[in-house]
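This report concerns only the one structure given below.
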Amino acid sequence: KRTIILAVIPANQDIATVDILERAQGVDPKGERTIGVMTKTDLIGPGNEDEVLSVVNNIRKPLALGYVMLRNRSQRDIMDKISTTQARENELAFFATHPVFRSCSNKLYGVNQLSKKLTNLLVCRIKLELAPMKATVERSLVEVRSELRALPASYGEAKTATDRQKLLVSTVQEYVRHLTDAIRGEYSGRVLVKHASLRLFTKVLKKFDQFKAKVGQTAPKFDDSSFVTQLASQIEQLRGRELPGFMSSQAFYLCMSQYV
């Protein structure tokens with residue numbers, strides 16, 4: 001939300017097939033930080049200038065901040081080592097002498113105009129977002145200071161290597177204690193009471209409930225007479241030399257494995 005969106009549109013393509021404006025609208029519905037940039041204006045096919053003009057004049061695909069047309073250096077200009085200053089002059093001359101685009105306001109084309117619009121928009125966005133950013137930083141600072149005050153005083157007294165080693169050992173021991181309490185479900189410590197996300201035993205119980213429900217969904221219909229009949233038939237077919245009233249454990253495992 002604190003960024004500026006440059007929706008770059010090649011002028012030599014059909015505007016209807018370019019989806020960048022729809023994407024920009026998805027993250028900037030009000031169009032408060034989106035500027036349209038029409039490039040490759042020197043590659044427009046004959047007769048398509050009017051379509052580009054309707055977009056630049058904010059008639060078709062309108063944007064709250066409008067559009068700016070550009071004519072960047074071509075590959076030939078780069079090979080001829082045309083400077084950026086000369087390229088800007090060539091750009092202005094191109095639009096000023098173009099049979100169609102020369103009727104446009106000079107505020108609608110050129111890198112200089114785009115720079116001005118971006119600068120003004122950036123200043124506006126900074127003014128708009130500075131107060132919320134300051135409030136966020138201040139809240140974070142208060143939270144950090146509160147956490148620092150909650151730390152044992154010994155954390156800041158470890159000056160020597162021995163003291164730091166003792167501090168490390170005690171910190172690890174405290175961590176292990178909290179971890180053990182979290183696994184056992186003994187939530188008596190302040191850390192586990194304050195932070196619900198650290199209560200591992202509760203999370204595991206929820207996972208077991210989900211697992212139980214999924215296993216229950218796959219359970220066969222034990223009360224169904226057809227199931228009992230089918231199971232008895234399978235056991236009978238696997239009967240060996242077992243005594244009457246007894247069944248082979250291997251046959252039982254084989255029958256049950258298809259339901260597990």
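Convention: chains lettered A, B, ... in structure tokens order; per-chain residue numbering from 1; ligands numbered from 1 as shown.
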
Q) Just asking: which residues within region 1-65 of chain A are helix (DSSP H, G or I) according to DSSP, as a list in words? A)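 So the helix (DSSP H, G or I) residues in region 1-65 of chain A would be Ile15, Ala16, Thr17, Ile20, Leu21, Glu22, Arg23, Ala24, Gln25, Gly26, Val27, Thr41, Asp42, Leu43, Glu49, Asp50, Glu51, Val52, Leu53, Ser54, Val55 and Val56 of chain A.
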
Q: Pick out the residues sitting within 12 Å of Ala16 (chain A), and hand them over as a list in words; count only C-alpha atoms, and ignore anything fewer than 4 positions along from it in its own chain.
A: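 Counting only the stated atoms, we get Ile9, Pro10, Ala11, Asn12, Ile20, Leu21, Glu22, Glu51, Val52, Val55, Arg60 and Lys61 of chain A.
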
Q: Pick out each residue of region 36-79 of chain A that DSSP on the backbone tags as strand (DSSP E); I need them as a count of residues only.
A: 7

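You will find CA of Leu65 (chain A) at 9.0 Å from CA of Leu121 (chain A).
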
Q.
Would you pick out the contacts of Tyr253 (chain A) at 12 Å or less, using only C-alpha atoms, so that residues sharing its chain but fewer than 4 positions from it are not included, and give the list as an MDAnalysis selection string?
A. chainID A and resid 231 234:235 238 247:249 257:260

Q: Could you check which of A:Lys214, A:Lys116, A:Lys206, A:Lys1 is closest to Lys30 (chain A), using only C-alpha atoms?
A: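 Nearest candidate to Lys30 (chain A) out of A:Lys214, A:Lys116, A:Lys206, A:Lys1: A:Lys1.
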
(Q) Just want the 8 Å neighbourhood of Leu63 (chain A), counted on only C-alpha atoms, with same-chain residues fewer than 4 positions away dropped. Output as a count of residues only. (A) 6

Q) How far is it from CA of Val18 (chain A) to CA of Arg73 (chain A), in Å with one decimal? A) 22.7 Å

Q.
At a cut-off of 12 Å, using only C-alpha atoms, what residues contact Thr119 (chain A)? Leave out same-chain residues fewer than 6 positions from it and give the result as a PyMOL selection string.
A. chain A and resi 4+33+35+112-113+125-126

Q: Determine the nearest neighbour of Val123 (chain A) from the options A:Ile183, A:Cys255, A:Thr3, A:Val100, counting only C-alpha atoms.
A: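 The closest residue to Val123 (chain A) is A:Thr3.
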
**Q.** For Lys107 (chain A), the nearest of the candidates A:Val144, A:Gln173, A:Ser74, A:Gly66, counting only C-alpha atoms
**A.** A:Gly66
